[in-house]
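Novice: One structure is given below, represented as C-alpha cells, and several questions about it will come after.
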Amino acid sequence: MKIGVFDSGFGGLTVLRELLTSIPLADYLYVGDTARLPYGSKSAATIARYAVSSVQFLVEHGAEYLVIACNTASALAMNQIRAAVPVDVLGVIEPGALAAARITSSKNVSVIGTAATVASHAYQKELQKLGIHAVEKACPLLVPLVEEGWTDHPVTEQVARIYLDELAHEQTGSGNHADVLVLGCTHYPLLKPLLRRVLPGNMHLVDSAQSTAHDAAKHLSSAGSPARSPKVQFFATDSVDKFRQLGSGFLGRPIDDVRLITLPE
Ligand code: DGL
C-alpha cells in the first residue's frame, strides 16, 4: 500500500511522523507545496486549486490512499480534492473533531488554527454534528514562530498566552467552559510542551495529527507487507535544502532525499 500525504509545506510531516508509527507497513509519498505556502492566509478558491494539483501528482505517482495533512486544505478544499482523484481521501478535521467529542465532558471545545481554517468553521461544523459547541481562534503568528524554530521561546509563550486568553474570554463570555483544545494546524504539535505550560492543568489537548493517523490505521488495518521498514519519498515545490533542514525537526528524524517538483497552476 502506498499512502500519499499532502501538506502546504513541512508542517504535515507531524502527520507523517504519526502515520509511520501507526501504519509502519505502508510506503509513503509526501508532497510539501513549499513554493506556495502558507495556505492559511489564502482564499478558498486558491487553496483548492493548489491542493488539487498536489493530490493529482500523488495519485499519478502511485498513491492508493491519500491523507490531507494540512488543516487548511482539509477545511476548505475537501470536496474538490475528493472529486479530483479516484482514491479514498482522509482529511484531518473529522478525526480531530471526533477525538475532541470523545474526550470532552463539558461538551465545549476550543479550536486553534490558521485564519483560513477558522474562517471556514470546518471544525465548528463537524463538532456541531456531534452535539459539541466549539469556539475557534485564528493564531496566525504561531506558524512563522514554529518555522523559526522558536517552539520553546519566551516570545512564542507570550504570543500563545495572548491568543489563549482571548479564546478563554470568548468561551466564558458565552457562558461555556471548554475542557479540550484542538490543535487545528500542522505546526501546533511542536508547541505541545509550551501550550501545556500556558493552559490550565485540566485542559485536554487533541492533536489532529495523532487522531488522523489513528483513523487512517483503522481504515487500512491490513495494509502493507510485514518485516520491512517503510519507504518514504519526499517531494517539495521549493528549495529541497530548506525542506531537509526544517522538515527533519517536524518529522523527528533526518530527511536525506527530497525531489524538487513543479506543479501545474
Ligand atoms: N499546513 C497548514 C495548516 O495545517 C499551516 C501552514 C500554512 O498556512 O500553509 O493549516
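Chain labels A, B, ... are given in the sequence in which chains occur in the C-alpha cells; within each chain residues are numbered consecutively from 1, and ligands are likewise numbered from 1 in the order shown.
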Could you tell me, as number ranges by chain, which residues of stretch 41-242 of chain A DSSP assigns to helix (DSSP H, G or I) when given the backbone?
Specialist: A: 44-60, 71-84, 93-103, 115-120, 122-129, 142-147, 154-173, 188-198, 208-219, 240-242
Novice: Could you write out that same residue set with C-alpha atoms as a short mmCIF file (atom, residue, chain, number, x, y, z; two decimals), in the first residue's frame?
Specialist:
```cif
data_model
loop_
_atom_site.label_atom_id
_atom_site.label_comp_id
_atom_site.auth_asym_id
_atom_site.auth_seq_id
_atom_site.Cartn_x
_atom_site.Cartn_y
_atom_site.Cartn_z
CA ALA A 44 -10.74 29.03 -0.59
CA ALA A 45 -10.53 29.02 -4.40
CA THR A 46 -6.74 29.36 -4.41
CA ILE A 47 -6.27 26.71 -1.72
CA ALA A 48 -8.48 24.27 -3.67
CA ARG A 49 -6.57 24.89 -6.90
CA TYR A 50 -3.20 24.31 -5.23
CA ALA A 51 -4.37 21.28 -3.27
CA VAL A 52 -5.92 19.59 -6.32
CA SER A 53 -2.70 19.83 -8.35
CA SER A 54 -0.74 18.37 -5.42
CA VAL A 55 -3.04 15.39 -4.84
CA GLN A 56 -3.21 14.64 -8.56
CA PHE A 57 0.59 14.46 -8.55
CA LEU A 58 0.48 11.99 -5.65
CA VAL A 59 -2.03 9.71 -7.39
CA GLU A 60 -0.12 9.89 -10.70
CA ASN A 71 -5.73 21.53 8.22
CA THR A 72 -6.34 24.49 5.92
CA ALA A 73 -6.69 22.32 2.79
CA SER A 74 -8.82 19.81 4.72
CA ALA A 75 -11.08 22.63 5.92
CA LEU A 76 -11.50 24.39 2.60
CA ALA A 77 -10.87 22.00 -0.27
CA MET A 78 -12.02 18.51 0.71
CA ASN A 79 -14.86 18.38 -1.84
CA GLN A 80 -12.65 19.49 -4.71
CA ILE A 81 -9.87 17.09 -3.65
CA ARG A 82 -12.25 14.11 -3.45
CA ALA A 83 -13.75 14.99 -6.85
CA ALA A 84 -10.29 15.20 -8.45
CA ILE A 93 -10.79 17.76 10.51
CA GLU A 94 -13.11 14.81 11.06
CA PRO A 95 -10.64 12.71 13.09
CA GLY A 96 -9.72 15.74 15.23
CA ALA A 97 -13.36 16.64 15.86
CA LEU A 98 -14.27 13.03 16.71
CA ALA A 99 -11.39 12.75 19.17
CA ALA A 100 -12.42 16.02 20.85
CA ALA A 101 -16.05 14.89 21.07
CA ARG A 102 -14.98 11.64 22.74
CA ILE A 103 -12.88 13.44 25.37
CA ALA A 115 -7.07 32.27 9.68
CA ALA A 116 -8.49 30.33 6.71
CA THR A 117 -9.30 27.21 8.78
CA VAL A 118 -11.06 29.27 11.42
CA ALA A 119 -12.95 31.39 8.86
CA SER A 120 -14.27 28.19 7.24
CA ALA A 122 -14.94 23.45 9.42
CA TYR A 123 -14.13 22.22 12.95
CA GLN A 124 -17.12 24.03 14.46
CA LYS A 125 -19.50 22.48 11.89
CA GLU A 126 -18.06 18.98 12.38
CA LEU A 127 -18.29 19.32 16.18
CA GLN A 128 -21.81 20.68 15.97
CA LYS A 129 -22.88 17.48 14.15
CA LEU A 142 2.25 30.65 15.59
CA VAL A 143 3.17 29.13 12.19
CA PRO A 144 6.07 31.54 11.48
CA LEU A 145 7.29 31.23 15.08
CA VAL A 146 7.42 27.43 14.80
CA GLU A 147 9.16 27.68 11.42
CA PRO A 154 9.53 33.36 25.60
CA VAL A 155 8.15 35.31 22.63
CA THR A 156 6.13 32.30 21.46
CA GLU A 157 4.92 31.72 25.00
CA GLN A 158 3.79 35.33 25.25
CA VAL A 159 2.00 35.15 21.89
CA ALA A 160 0.31 31.87 22.82
CA ARG A 161 -0.81 33.37 26.15
CA ILE A 162 -2.44 36.32 24.39
CA TYR A 163 -4.31 34.10 21.90
CA LEU A 164 -5.41 31.61 24.55
CA ASP A 165 -6.53 34.34 26.97
CA GLU A 166 -8.66 35.88 24.24
CA LEU A 167 -10.08 32.45 23.45
CA ALA A 168 -10.86 31.77 27.13
CA HIS A 169 -12.65 35.14 27.39
CA GLU A 170 -14.76 34.32 24.36
CA GLN A 171 -15.68 30.95 25.87
CA THR A 172 -16.59 32.30 29.29
CA GLY A 173 -18.33 35.32 27.70
CA TYR A 188 1.00 23.13 16.67
CA PRO A 189 2.04 19.62 17.83
CA LEU A 190 5.56 21.07 18.15
CA LEU A 191 4.16 23.57 20.66
CA LYS A 192 2.59 20.97 22.93
CA PRO A 193 5.06 21.36 25.86
CA LEU A 194 4.75 25.17 25.71
CA LEU A 195 0.93 25.03 25.44
CA ARG A 196 0.70 22.68 28.41
CA ARG A 197 2.56 25.28 30.47
CA VAL A 198 0.23 28.06 29.39
CA SER A 208 -5.25 16.21 14.89
CA ALA A 209 -2.08 14.57 13.56
CA GLN A 210 -2.40 11.72 16.05
CA SER A 211 -6.18 11.37 15.62
CA THR A 212 -5.79 11.25 11.83
CA ALA A 213 -3.05 8.61 11.91
CA HIS A 214 -5.18 6.55 14.28
CA ASP A 215 -8.22 6.77 11.97
CA ALA A 216 -6.14 6.01 8.85
CA ALA A 217 -4.79 2.90 10.59
CA LYS A 218 -8.37 1.78 11.29
CA HIS A 219 -9.34 2.26 7.61
CA VAL A 240 14.98 20.96 -1.21
CA ASP A 241 17.75 22.05 1.17
CA LYS A 242 15.32 24.09 3.24
#
```
Novice: Check every protein, DNA and RNA residue against ligand 1, keep those with an atom at most 8 Å away (counting only C-alpha atoms and all ligand atoms), and present them as a list in words.
Specialist: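 The neighbouring residues of ligand 1 are, in order, Asp7, Ser8, Gly9, Phe10, Gly11, Gly12, Leu37, Pro38, Tyr39, Gly40, Ser41, Ala69, Cys70, Asn71, Thr72, Ala73, Gly113, Thr114, Ala116, Thr117, Val143, Gly184, Cys185, Thr186 and His187 of chain A.
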Novice: Using DSSP secondary structure from the backbone, list all strand (DSSP E) positions within stretch 91-170 of chain A, as a ChimeraX atom specification.
Specialist: /A:108-113,133-138
Novice: Could you turn the residues from that selection into a file that holds C-alpha atoms, as a PDB file, in the first residue's frame?
Specialist:
```
ATOM      1  CA  ASN A 108     -17.478  22.599  24.982  1.00  0.00           C
ATOM      2  CA  VAL A 109     -14.327  22.617  22.927  1.00  0.00           C
ATOM      3  CA  SER A 110     -11.854  25.281  21.796  1.00  0.00           C
ATOM      4  CA  VAL A 111     -10.077  25.090  18.444  1.00  0.00           C
ATOM      5  CA  ILE A 112      -6.995  26.956  17.247  1.00  0.00           C
ATOM      6  CA  GLY A 113      -5.868  27.099  13.614  1.00  0.00           C
ATOM      7  CA  HIS A 133     -20.212  23.556  20.999  1.00  0.00           C
ATOM      8  CA  ALA A 134     -16.931  24.980  19.691  1.00  0.00           C
ATOM      9  CA  VAL A 135     -15.245  28.369  19.838  1.00  0.00           C
ATOM     10  CA  GLU A 136     -12.444  28.858  17.318  1.00  0.00           C
ATOM     11  CA  LYS A 137      -9.494  31.210  17.313  1.00  0.00           C
ATOM     12  CA  ALA A 138      -7.098  32.067  14.489  1.00  0.00           C
TER      13      ALA A 138
END
```
Novice: Give me, please, the distance in Å between atom CA of A:Ala63 and atom CA of A:Leu29, quoted to one decimal.
Specialist: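 If I compute the distance from atom CA of A:Ala63 to atom CA of A:Leu29, I get 7.0 Å.
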Novice: Can you measure atom CA of A:Tyr30 to atom CA of A:Phe243 for me? One decimal in Å is fine.
Specialist: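 Answer for the atom CA of A:Tyr30 to atom CA of A:Phe243 separation: 11.6 Å.
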Novice: Hey, can you check how far atom CA of A:Ser221 sits from atom CA of A:Asp207?
Specialist: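 Value for the atom CA of A:Ser221-atom CA of A:Asp207 distance: 21.1 Å.
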Novice: Identify which of the residues A:Thr34, A:Ser248, A:Ser106, A:Thr21 lies closest to A:Ser229, counting only C-alpha atoms when measuring atom-to-atom distances.
Specialist: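 For A:Ser229, the nearest of the candidates is A:Thr21.
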Novice: Quick one: residues within 7 Å of A:Val89, only C-alpha atoms counted, chain neighbours fewer than 6 positions away excluded, as a list in words?
Specialist: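 Near neighbours after the sequence-gap exclusion: Tyr65, Leu66, Val67 and Arg82 of chain A.
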Novice: May I ask which of the residues A:Leu90, A:Gly249, A:Ser105, A:Thr237 is the closest one to A:His204, counting only C-alpha atoms?
Specialist: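 Smallest distance to A:His204 is found for A:Ser105.
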